[in-house]
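Structure file input-v1.cif (mmCIF, C-alpha atoms) is printed below.
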data_target
loop_
_atom_site.label_atom_id
_atom_site.label_comp_id
_atom_site.auth_asym_id
_atom_site.auth_seq_id
_atom_site.Cartn_x
_atom_site.Cartn_y
_atom_site.Cartn_z
CA MET D 149 154.75 45.07 -187.11
CA CYS D 150 157.27 45.48 -189.91
CA TYR D 151 160.65 47.19 -190.00
CA LEU D 152 162.13 48.45 -193.25
CA PHE D 153 165.62 49.56 -194.13
CA PRO D 154 167.14 50.20 -197.59
CA ILE D 155 169.65 48.03 -199.38
CA PHE D 156 171.52 48.70 -202.60
CA LEU D 157 170.10 46.84 -205.57
CA PRO D 158 170.21 47.57 -209.31
CA CYS D 159 168.12 50.60 -210.15
CA GLY D 160 164.81 50.18 -211.95
CA LEU D 161 163.42 47.64 -209.52
CA ASP D 162 160.08 48.33 -207.92
CA PHE D 163 160.29 50.16 -204.59
CA MET D 164 158.76 47.17 -202.85
CA ALA D 165 161.88 45.19 -203.77
CA ASP D 166 164.30 48.00 -202.97
CA VAL D 167 164.00 47.64 -199.24
CA CYS D 168 165.10 45.04 -196.80
CA CYS D 169 162.23 43.87 -194.63
CA TYR D 170 162.84 42.86 -191.08
CA GLY D 171 159.78 41.04 -189.83
CA HIS D 172 159.30 40.97 -186.09
CA PHE D 173 159.88 37.20 -186.04
CA VAL D 174 159.39 36.57 -182.37
CA GLY D 175 156.49 35.28 -180.34
CA LYS D 176 153.39 34.76 -182.37
CA PHE D 177 154.83 34.80 -185.89
CA GLU D 178 157.30 31.99 -185.46
CA ASP D 179 154.80 30.10 -183.31
CA ILE D 180 152.42 29.98 -186.27
CA TYR D 181 154.43 30.29 -189.49
CA ASP D 182 157.46 28.60 -190.99
CA VAL D 183 159.88 31.53 -190.87
CA ASP D 184 162.66 29.89 -192.92
CA TYR D 185 160.23 29.00 -195.69
CA PHE D 186 158.91 32.58 -195.75
CA ILE D 187 162.41 33.99 -196.16
CA ARG D 188 163.42 31.46 -198.85
CA THR D 189 160.27 32.00 -200.90
CA LEU D 190 160.81 35.75 -201.12
CA GLU D 191 164.62 35.79 -201.34
CA ASN D 192 164.80 36.63 -205.06
CA ILE D 193 162.32 39.50 -204.72
CA VAL D 194 162.56 40.98 -201.24
CA ARG D 195 165.42 40.37 -198.86
CA VAL D 196 163.94 39.36 -195.51
CA VAL D 197 166.14 39.07 -192.45
CA ASP D 198 165.44 38.15 -188.84
CA LYS D 199 167.75 40.76 -187.36
CA ILE D 200 168.53 44.38 -188.17
CA PRO D 201 172.29 44.92 -188.72
CA GLU D 202 174.18 46.20 -185.72
CA TYR D 203 175.58 49.23 -187.53
CA LEU D 204 172.04 50.48 -188.13
CA MET D 205 170.81 49.79 -184.61
CA GLU D 206 173.74 51.68 -183.03
CA ARG D 207 172.23 55.00 -184.07
CA TYR D 208 169.13 54.04 -182.05
CA ASP D 209 171.13 52.95 -178.97
CA ASN D 210 170.27 49.35 -179.85
CA ASN D 211 166.76 50.01 -178.61
CA MET D 212 163.97 49.08 -180.99
CA THR D 213 161.52 51.46 -179.32
CA ASN D 214 163.70 54.37 -180.45
CA VAL D 215 163.01 53.52 -184.08
CA GLN D 216 160.37 55.86 -185.46
CA ASN D 217 156.95 54.32 -185.86
CA PHE D 218 155.64 55.41 -189.24
CA ARG D 219 151.84 55.37 -189.14
CA VAL D 220 150.82 54.69 -192.73
CA LYS D 221 147.19 55.49 -193.45
CA ALA D 222 144.90 52.56 -194.25
CA TRP D 223 144.67 51.45 -197.89
CA ALA D 224 147.48 53.79 -198.92
CA PRO D 225 148.31 53.82 -202.66
CA VAL D 226 151.72 52.80 -203.98
CA GLN D 227 152.42 56.45 -204.78
CA TYR D 228 152.15 57.27 -201.08
CA TYR D 229 154.96 54.83 -200.34
CA ARG D 230 157.09 56.37 -203.08
CA ASP D 231 156.45 60.00 -202.17
CA VAL D 232 156.15 59.86 -198.39
CA VAL D 233 157.49 56.59 -196.98
CA LEU D 234 160.57 56.14 -199.17
CA PRO D 235 162.13 59.57 -198.48
CA ARG D 236 161.67 59.05 -194.75
CA LEU D 237 163.12 55.56 -195.00
CA LEU D 238 166.22 56.83 -196.81
CA GLU D 239 166.62 59.56 -194.20
CA GLU D 240 166.06 57.45 -191.08
CA ARG D 241 167.65 54.24 -192.45
CA VAL D 242 165.19 52.17 -190.36
CA ILE D 243 161.49 52.72 -189.82
CA ARG D 244 158.67 50.83 -188.18
CA ILE D 245 155.21 50.46 -189.68
CA SER D 246 152.54 49.71 -187.10
CA PRO D 247 149.74 48.86 -187.38
CA PHE D 248 150.67 46.87 -190.46
CA ALA D 249 147.36 45.33 -191.61
CA ASN D 250 145.42 46.98 -194.44
CA ARG D 251 148.14 49.51 -195.21
CA LEU D 252 148.18 49.01 -199.00
CA SER D 253 145.48 49.81 -201.52
CA PHE D 254 143.85 47.10 -203.63
CA ASP D 255 144.38 49.31 -206.67
CA VAL D 256 148.04 48.56 -207.32
CA PRO D 257 150.16 47.71 -210.39
CA PRO D 258 150.21 44.00 -211.40
CA ALA D 259 153.80 43.56 -210.19
CA VAL D 260 152.88 44.70 -206.70
CA GLN D 261 149.74 42.58 -206.67
CA ARG D 262 151.77 39.51 -207.69
CA LEU D 263 154.16 40.20 -204.83
CA ARG D 264 151.28 40.57 -202.41
CA CYS D 265 149.76 37.25 -203.49
CA LEU D 266 153.15 35.55 -203.34
CA ALA D 267 153.79 36.81 -199.82
CA ASN D 268 150.31 36.09 -198.49
CA TYR D 269 149.40 32.83 -200.17
CA GLU D 270 152.68 31.07 -200.93
CA ALA D 271 155.40 32.41 -198.65
CA LEU D 272 153.21 32.33 -195.55
CA ARG D 273 153.02 28.65 -194.61
CA PHE D 274 151.99 27.35 -191.23
CA SER D 275 154.56 25.60 -189.08
CA ASN D 276 154.81 21.84 -189.55
CA LEU D 277 153.03 21.18 -186.26
CA ILE D 278 149.99 23.26 -187.25
CA LEU D 279 150.04 22.17 -190.88
CA THR D 280 150.06 18.48 -189.97
CA MET D 281 147.18 18.86 -187.50
CA GLY D 282 145.15 20.95 -189.95
CA GLU D 283 145.63 18.52 -192.83
CA THR D 284 144.71 15.62 -190.54
CA LEU D 285 141.40 17.27 -189.71
CA VAL D 286 140.75 18.03 -193.38
CA ALA D 287 141.21 14.33 -194.13
CA ARG D 288 138.84 13.39 -191.31
CA MET D 289 136.19 15.85 -192.52
CA LYS D 290 136.41 14.32 -195.99
CA GLU D 291 136.09 10.83 -194.52
CA ARG D 292 133.01 11.83 -192.53
CA SER D 293 131.43 13.44 -195.59
CA ALA D 294 132.32 10.59 -197.98
CA SER D 295 128.61 10.10 -198.75
CA HIS D 296 128.66 13.68 -200.12
CA GLY D 297 131.77 13.15 -202.22
CA GLY D 298 134.04 14.34 -199.42
CA LYS D 299 132.52 17.82 -199.67
CA TYR D 300 131.67 19.91 -196.64
CA VAL D 301 130.68 23.47 -195.75
CA SER D 302 132.81 25.51 -193.35
CA VAL D 303 131.28 28.25 -191.21
CA HIS D 304 133.27 30.91 -189.40
CA LEU D 305 131.05 31.79 -186.43
CA ARG D 306 131.91 34.78 -184.25
CA PHE D 307 129.71 34.42 -181.20
CA GLU D 308 132.32 34.34 -178.45
CA GLU D 309 131.61 36.31 -175.28
CA ASP D 310 134.01 39.13 -176.15
CA MET D 311 132.50 39.51 -179.63
CA VAL D 312 128.96 39.56 -178.25
CA ALA D 313 129.98 42.09 -175.60
CA PHE D 314 131.88 44.39 -177.96
CA SER D 315 128.99 44.46 -180.43
CA CYS D 316 126.70 46.01 -177.78
CA CYS D 317 123.84 44.05 -179.32
CA VAL D 318 121.02 42.44 -177.34
CA PHE D 319 120.16 38.80 -178.04
CA ASP D 320 117.84 37.10 -175.55
CA GLY D 321 117.53 40.32 -173.56
CA GLY D 322 117.62 38.51 -170.23
CA GLU D 323 119.10 39.77 -166.98
CA GLN D 324 121.90 37.19 -167.04
CA GLU D 325 122.98 38.27 -170.54
CA ALA D 326 122.98 41.93 -169.49
CA LYS D 327 125.09 41.08 -166.42
CA ASP D 328 127.52 38.93 -168.41
CA MET D 329 127.96 41.58 -171.11
CA LYS D 330 128.46 44.41 -168.64
CA GLU D 331 131.18 42.44 -166.86
CA ALA D 332 132.83 41.38 -170.12
CA ARG D 333 132.97 44.97 -171.43
CA GLU D 334 134.46 46.27 -168.22
CA ARG D 335 136.97 43.42 -168.13
CA GLY D 336 138.06 43.84 -171.75
CA TRP D 337 137.59 47.54 -172.41
CA LYS D 338 137.59 49.23 -169.02
CA GLY D 339 135.49 52.38 -169.17
CA LYS D 340 135.18 52.43 -172.99
CA PHE D 341 131.44 51.79 -173.02
CA THR D 342 130.53 53.84 -169.94
CA LYS D 343 132.01 57.19 -170.93
CA PRO D 344 129.75 60.15 -170.17
CA GLY D 345 127.54 61.02 -173.10
CA ARG D 346 127.97 57.67 -174.85
CA THR D 347 124.65 56.17 -175.91
CA ILE D 348 124.35 52.56 -177.03
CA ARG D 349 121.43 51.75 -179.33
CA PRO D 350 121.28 47.97 -179.84
CA GLY D 351 118.32 48.16 -182.21
CA ALA D 352 120.08 50.59 -184.53
CA ILE D 353 123.26 48.49 -184.41
CA ARG D 354 121.29 45.42 -185.50
CA LEU D 355 119.49 47.20 -188.32
CA ASN D 356 122.87 48.47 -189.52
CA GLY D 357 124.06 44.86 -189.86
CA LYS D 358 126.70 45.14 -187.15
CA CYS D 359 125.48 42.40 -184.81
CA PRO D 360 127.17 38.99 -185.00
CA LEU D 361 124.82 36.29 -186.25
CA THR D 362 123.67 33.83 -183.62
CA PRO D 363 124.06 30.09 -184.27
CA LEU D 364 120.28 29.90 -184.77
CA GLU D 365 120.36 32.68 -187.37
CA VAL D 366 123.21 30.96 -189.22
CA GLY D 367 121.21 27.74 -189.28
CA LEU D 368 118.06 29.44 -190.53
CA MET D 369 120.02 31.20 -193.26
CA LEU D 370 121.66 27.99 -194.48
CA ARG D 371 118.43 26.01 -194.40
CA GLY D 372 116.70 28.84 -196.22
CA MET D 373 119.40 28.64 -198.90
CA GLY D 374 118.69 24.95 -199.43
CA PHE D 375 121.30 23.19 -197.30
CA ASP D 376 119.49 20.19 -195.78
CA LYS D 377 120.01 18.40 -192.48
CA ASN D 378 122.42 15.91 -194.07
CA THR D 379 124.94 18.65 -194.94
CA TYR D 380 128.33 18.23 -193.32
CA ILE D 381 129.47 21.42 -191.64
CA TYR D 382 132.80 22.32 -190.08
CA LEU D 383 132.35 25.05 -187.49
CA ALA D 384 135.35 27.34 -186.95
CA SER D 385 135.01 29.40 -183.81
CA GLY D 386 136.29 30.15 -180.37
CA LYS D 387 134.30 29.34 -177.25
CA ILE D 388 130.67 30.15 -178.03
CA TYR D 389 128.92 32.34 -175.49
CA ASN D 390 126.41 30.29 -173.49
CA SER D 391 127.03 27.46 -175.96
CA GLU D 392 124.66 24.93 -174.42
CA LYS D 393 121.75 27.25 -175.09
CA TYR D 394 122.77 28.91 -178.36
CA MET D 395 124.24 25.89 -180.15
CA ALA D 396 121.28 23.56 -179.53
CA PRO D 397 119.08 24.77 -182.44
CA LEU D 398 121.99 24.79 -184.90
CA LEU D 399 122.91 21.23 -183.98
CA GLU D 400 119.28 20.22 -184.35
CA MET D 401 119.16 21.66 -187.86
CA PHE D 402 122.56 20.23 -188.81
CA PRO D 403 123.35 17.05 -186.85
CA ASN D 404 126.45 16.52 -189.01
CA LEU D 405 128.11 19.63 -187.63
CA LEU D 406 131.67 19.09 -186.43
CA THR D 407 134.41 21.13 -184.77
CA LYS D 408 138.11 20.55 -184.24
CA ASP D 409 137.32 19.37 -180.71
CA MET D 410 134.98 16.72 -182.14
CA LEU D 411 137.39 15.59 -184.86
CA ALA D 412 140.57 15.44 -182.80
CA LEU D 413 141.56 13.64 -179.63
CA ASP D 414 142.28 15.77 -176.58
CA LYS D 415 145.94 14.76 -176.61
CA GLU D 416 146.22 15.80 -180.27
CA LEU D 417 145.05 19.32 -179.45
CA ASP D 418 147.09 19.67 -176.25
CA PRO D 419 150.03 21.48 -177.98
CA PHE D 420 147.59 24.13 -179.28
CA LYS D 421 145.00 24.64 -176.54
CA ASN D 422 146.72 27.47 -174.70
CA TYR D 423 147.39 29.41 -177.92
CA SER D 424 144.32 30.96 -179.54
CA SER D 425 146.26 31.87 -182.70
CA ARG D 426 147.38 28.27 -183.22
CA MET D 427 143.82 27.02 -182.74
CA ALA D 428 142.62 29.61 -185.27
CA ALA D 429 145.30 28.44 -187.70
CA ILE D 430 143.93 24.90 -187.52
CA ASP D 431 140.41 26.22 -188.22
CA TYR D 432 141.82 28.24 -191.12
CA THR D 433 143.33 25.14 -192.74
CA VAL D 434 140.09 23.14 -192.55
CA CYS D 435 138.06 26.09 -193.90
CA LEU D 436 140.54 26.61 -196.73
CA HIS D 437 139.77 23.18 -198.20
CA SER D 438 135.98 23.22 -197.79
CA GLU D 439 133.60 23.20 -200.75
CA VAL D 440 131.82 26.31 -199.45
CA PHE D 441 133.01 28.89 -196.92
CA VAL D 442 130.46 30.91 -194.92
CA THR D 443 131.59 34.08 -193.19
CA THR D 444 129.29 35.66 -190.61
CA GLN D 445 131.40 38.60 -189.40
CA GLY D 446 134.20 40.77 -190.70
CA GLY D 447 137.82 40.55 -189.61
CA ASN D 448 141.21 39.43 -190.82
CA PHE D 449 140.43 35.69 -190.64
CA PRO D 450 137.58 35.63 -193.21
CA HIS D 451 139.05 38.33 -195.44
CA PHE D 452 142.42 36.63 -195.71
CA LEU D 453 140.76 33.24 -196.16
CA MET D 454 138.49 34.44 -198.95
CA GLY D 455 141.48 35.81 -200.84
CA HIS D 456 143.45 32.62 -200.26
CA ARG D 457 140.60 30.47 -201.54
CA ARG D 458 140.28 32.58 -204.68
CA PHE D 459 144.01 32.26 -205.24
CA LEU D 460 144.02 28.52 -204.56
CA TYR D 461 141.02 27.70 -206.74
CA GLY D 462 141.69 30.07 -209.63
CA GLY D 463 138.94 32.50 -208.66
CA HIS D 464 136.24 29.84 -208.45
CA SER D 465 135.88 29.35 -204.70
CA LYS D 466 132.36 29.34 -203.26
CA THR D 467 131.82 31.89 -200.53
CA ILE D 468 128.67 33.02 -198.72
CA ARG D 469 128.77 36.55 -197.33
CA PRO D 470 125.35 37.35 -195.89
CA ASP D 471 123.87 40.83 -196.05
CA LYS D 472 123.17 41.22 -192.35
CA ARG D 473 121.08 44.34 -192.83
CA LYS D 474 118.60 42.42 -194.95
CA LEU D 475 118.78 39.38 -192.70
CA ALA D 476 117.91 41.51 -189.67
CA LEU D 477 114.78 42.74 -191.41
CA LEU D 478 113.81 39.16 -192.30
CA PHE D 479 114.48 37.66 -188.89
CA ASP D 480 112.69 40.50 -187.08
CA ASN D 481 109.61 40.42 -189.34
CA PRO D 482 106.76 38.81 -187.35
CA LYS D 483 104.90 38.05 -190.58
CA ILE D 484 107.55 35.59 -191.72
CA GLY D 485 106.67 32.24 -190.25
CA TYR D 486 109.07 29.85 -191.95
CA GLY D 487 111.51 29.73 -189.02
CA PHE D 488 109.68 26.98 -187.18
CA MET D 489 109.32 24.91 -190.36
CA LEU D 490 113.01 25.23 -191.10
CA LEU D 491 113.87 24.02 -187.62
CA HIS D 492 111.95 20.81 -188.13
CA ARG D 493 112.27 20.24 -191.87
#
Now that the file is in, can you turn its structure into structure tokens?
Amino acid sequence: MCYLFPIFLPCGLDFMADVCCYGHFVGKFEDIYDVDYFIRTLENIVRVVDKIPEYLMERYDNNMTNVQNFRVKAWAPVQYYRDVVLPRLLEERVIRISPFANRLSFDVPPAVQRLRCLANYEALRFSNLILTMGETLVARMKERSASHGGKYVSVHLRFEEDMVAFSCCVFDGGEQEAKDMKEARERGWKGKFTKPGRTIRPGAIRLNGKCPLTPLEVGLMLRGMGFDKNTYIYLASGKIYNSEKYMAPLLEMFPNLLTKDMLALDKELDPFKNYSSRMAAIDYTVCLHSEVFVTTQGGNFPHFLMGHRRFLYGGHSKTIRPDKRKLALLFDNPKIGYGFMLLHR
């Protein structure tokens, strides 16, 4: 969530610099990012503060929920901010923008794009605790893969129970899976998937490329692309659904597969274990410095990471984004018999 209120700067500056941004720097943001560094990095372009001035909040009875929530459409052009958001901002003095992700078009003037890159890839820096742990694991991955020049492949795997349940896809098709998924959907999205008239078609979802790849499918894809069993892989993920069963074939194909839990001591991860966002930030750091990044599902994590890697490596980062529609046709084709050979090659 972001709050905006105008300040008086010399005219002629871009609108993006003619507002004072109040980031909601409580809870998750300051737990993950270095807030002071963020403010300092942007101070000559955008004034960022951690508290809205009292004289502005008085008109809202000092209650943040009374501030109007301005719902900006997704991928809005800069002109929309000038013509629609700015007049309302000047009138209200303070506005909220929520949700805040994906609210600005990619087709923007160079000055705005530079500001976006500066904010996302330079000003946003993880807290020292997270940064130190992440860089430690990067160093350990490079040590483990020294025989490969310190190069490793990172894979962002989304096969946690909630992801599997939300996808409404069918994997092994067993009774236990059906029971687990039904309970997970009801627990996470009470009633959403059982509304009258709603029909779930797992086969159509898969053919449309919307099912998360299983660990086995990721392994088959990588082996099919030429990555051999000696490849060092860093796996970024949450708790894999039925991991003992689903991870076995991937580990057989890639015995040099490692996770943060394998690289770090339990006591090293203790400050992060109860915070999923902090654990994801550690994964992000290790993926950022990999030779190749493999994304298997959409979402903010891979999209932000792909942009960061392009920025960091001057546009020359190596990324694998599988076409899951085509993969579904390949994996489901009974005439293709290379799967068994790949497993044991």
For D:Ala352, work out the shell of residues within 12 Å, counting all atoms listed in the file and skipping chain neighbours fewer than 2 positions away, then give it as a PyMOL selection string. chain D and resi 315-318+347-350+354-359+473+476-477
Could you check how far atom CA of D:Thr467 sits from atom CA of D:Leu417, in Å to one decimal?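 Interatomic distance, atom CA of D:Thr467 to atom CA of D:Leu417: 27.9 Å.
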Where does stretch 379-461 of chain D meet stretch 176-182 of chain D within 12 Å, residue by residue, with the nearest atom pair and distance in Å to one decimal for each, counting all atoms listed in the file, listed by chain and rising number, as CSV?
residue,atom,partner,partner_atom,distance
D:Pro419,CA,D:Asp179,CA,11.2
D:Phe420,CA,D:Asp179,CA,10.2
D:Tyr423,CA,D:Lys176,CA,9.2
D:Ser424,CA,D:Lys176,CA,10.2
D:Ser425,CA,D:Ile180,CA,7.4
D:Arg426,CA,D:Ile180,CA,6.1
D:Met427,CA,D:Ile180,CA,9.8
D:Ala428,CA,D:Ile180,CA,9.9
D:Ala429,CA,D:Ile180,CA,7.4
D:Ile430,CA,D:Ile180,CA,10.0
D:Tyr432,CA,D:Ile180,CA,11.8
Would you mind exporting C-alpha atoms of the selected residues as a PDB file, in the frame of the given file?
ATOM      1  CA  PRO D 419     150.030  21.480-177.980  1.00  0.00           C
ATOM      2  CA  PHE D 420     147.590  24.130-179.280  1.00  0.00           C
ATOM      3  CA  TYR D 423     147.390  29.410-177.920  1.00  0.00           C
ATOM      4  CA  SER D 424     144.320  30.960-179.540  1.00  0.00           C
ATOM      5  CA  SER D 425     146.260  31.870-182.700  1.00  0.00           C
ATOM      6  CA  ARG D 426     147.380  28.270-183.220  1.00  0.00           C
ATOM      7  CA  MET D 427     143.820  27.020-182.740  1.00  0.00           C
ATOM      8  CA  ALA D 428     142.620  29.610-185.270  1.00  0.00           C
ATOM      9  CA  ALA D 429     145.300  28.440-187.700  1.00  0.00           C
ATOM     10  CA  ILE D 430     143.930  24.900-187.520  1.00  0.00           C
ATOM     11  CA  TYR D 432     141.820  28.240-191.120  1.00  0.00           C
TER      12      TYR D 432
END
Choose the residue, out of D:Phe441, D:Tyr185, D:Phe452, D:Tyr394, that has the smallest atom-to-atom separation from D:Lys466; count only C-alpha atoms.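 Checking each candidate against D:Lys466, we get D:Phe441 as the closest.
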Report the distance between atom CA of D:Phe218 and atom CA of D:Arg244 in Å, rounded to one decimal place.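 Answer for the atom CA of D:Phe218 to atom CA of D:Arg244 separation: 5.6 Å.
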Can you work out which one of D:Lys408, D:Lys330, D:Phe274, D:Val286 has the shortest atom-to-atom distance to D:Lys421, counting all atoms listed in the file?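 Among the listed residues, D:Lys408 lies closest to D:Lys421.
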For D:Gly351, which of D:Glu400, D:Phe319, D:Phe248, D:Pro470 is the closest residue, counting all atoms listed in the file?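 Result for the nearest residue to D:Gly351: D:Phe319.
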Expected selection from the PyMOL selection byres ((chain D and resi 469) around 8), given as a PyMOL selection string: chain D and resi 442-444+467-468+470-471
Written as a list in words, what is the full residue list that the PyMOL selection byres ((chain D and resi 363) around 8) yields on the file shown?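 Answer for the PyMOL selection byres ((chain D and resi 363) around 8): Leu305, Phe307, Leu361, Thr362, Leu364, Glu365, Val366, Gly367, Tyr394, Met395, Pro397 and Leu398 of chain D.
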Edge lengths and centre in Å to one decimal, as JSON, is what I'm after for the box along x, y and z that holds all listed atoms of stretch 277-292 of chain D once 8 Å is added on each side.
{"center_x": 143.0, "center_y": 17.0, "center_z": -191.1, "size_x": 36.0, "size_y": 28.4, "size_z": 25.7}
Would you kindly return, as a PDB file with C-alpha atoms, keeping the file's coordinate frame, each protein, DNA or RNA residue with an atom no farther than 8 Å from any atom of D:Thr379, considering all atoms listed in the file and excluding same-chain residues fewer than 4 positions away?
ATOM      1  CA  TYR D 300     131.670  19.910-196.640  1.00  0.00           C
ATOM      2  CA  VAL D 301     130.680  23.470-195.750  1.00  0.00           C
ATOM      3  CA  PHE D 375     121.300  23.190-197.300  1.00  0.00           C
ATOM      4  CA  PHE D 402     122.560  20.230-188.810  1.00  0.00           C
ATOM      5  CA  ASN D 404     126.450  16.520-189.010  1.00  0.00           C
TER       6      ASN D 404
END
For D:Leu190, which residue out of D:Pro403, D:Asn210, D:Leu237, D:Tyr269 is the nearest one, using all atoms listed in the file?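 Under the stated criterion, the closest residue is D:Tyr269.
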Starting from the displayed file, determine the output of the PyMOL selection byres ((chain D and resi 247) around 12) and express the residue list as a PyMOL selection string. chain D and resi 149-151+217-223+244-246+248-252
Contacts of D:Arg236 within 12 Å, only C-alpha atoms, excl. fewer than 2 positions in-chain, as a list in words: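 Counting only C-alpha atoms, the residues come to Leu152, Phe153, Pro154, Gln216, Asn217, Phe218, Arg219, Val220, Tyr228, Tyr229, Arg230, Asp231, Val232, Val233, Leu234, Leu238, Glu239, Glu240, Arg241, Val242, Ile243, Arg244 and Ile245 of chain D.
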With C-alpha atoms retained, could you export that selection as an mmCIF file, in the frame of the given file?
data_model
loop_
_atom_site.group_PDB
_atom_site.id
_atom_site.type_symbol
_atom_site.label_atom_id
_atom_site.label_comp_id
_atom_site.auth_asym_id
_atom_site.auth_seq_id
_atom_site.Cartn_x
_atom_site.Cartn_y
_atom_site.Cartn_z
ATOM 1 C CA LEU D 152 162.130 48.450 -193.250
ATOM 2 C CA PHE D 153 165.620 49.560 -194.130
ATOM 3 C CA PRO D 154 167.140 50.200 -197.590
ATOM 4 C CA GLN D 216 160.370 55.860 -185.460
ATOM 5 C CA ASN D 217 156.950 54.320 -185.860
ATOM 6 C CA PHE D 218 155.640 55.410 -189.240
ATOM 7 C CA ARG D 219 151.840 55.370 -189.140
ATOM 8 C CA VAL D 220 150.820 54.690 -192.730
ATOM 9 C CA TYR D 228 152.150 57.270 -201.080
ATOM 10 C CA TYR D 229 154.960 54.830 -200.340
ATOM 11 C CA ARG D 230 157.090 56.370 -203.080
ATOM 12 C CA ASP D 231 156.450 60.000 -202.170
ATOM 13 C CA VAL D 232 156.150 59.860 -198.390
ATOM 14 C CA VAL D 233 157.490 56.590 -196.980
ATOM 15 C CA LEU D 234 160.570 56.140 -199.170
ATOM 16 C CA LEU D 238 166.220 56.830 -196.810
ATOM 17 C CA GLU D 239 166.620 59.560 -194.200
ATOM 18 C CA GLU D 240 166.060 57.450 -191.080
ATOM 19 C CA ARG D 241 167.650 54.240 -192.450
ATOM 20 C CA VAL D 242 165.190 52.170 -190.360
ATOM 21 C CA ILE D 243 161.490 52.720 -189.820
ATOM 22 C CA ARG D 244 158.670 50.830 -188.180
ATOM 23 C CA ILE D 245 155.210 50.460 -189.680
#
From the list D:Arg371, D:Arg335, D:Lys299, D:Arg306, which residue is nearest D:His437 when using only C-alpha atoms?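 Closest candidate: D:Lys299.
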Please measure the separation of atom CA of D:Glu334 and atom CA of D:Ser391, giving the value in Å to one decimal.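 Atom CA of D:Ser391 lies 21.7 Å from atom CA of D:Glu334.
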Nearest residue to D:Phe459 out of D:Lys393, D:Glu270, D:Lys472, D:Gln445, using all atoms listed in the file?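 Nearest to D:Phe459: D:Glu270.
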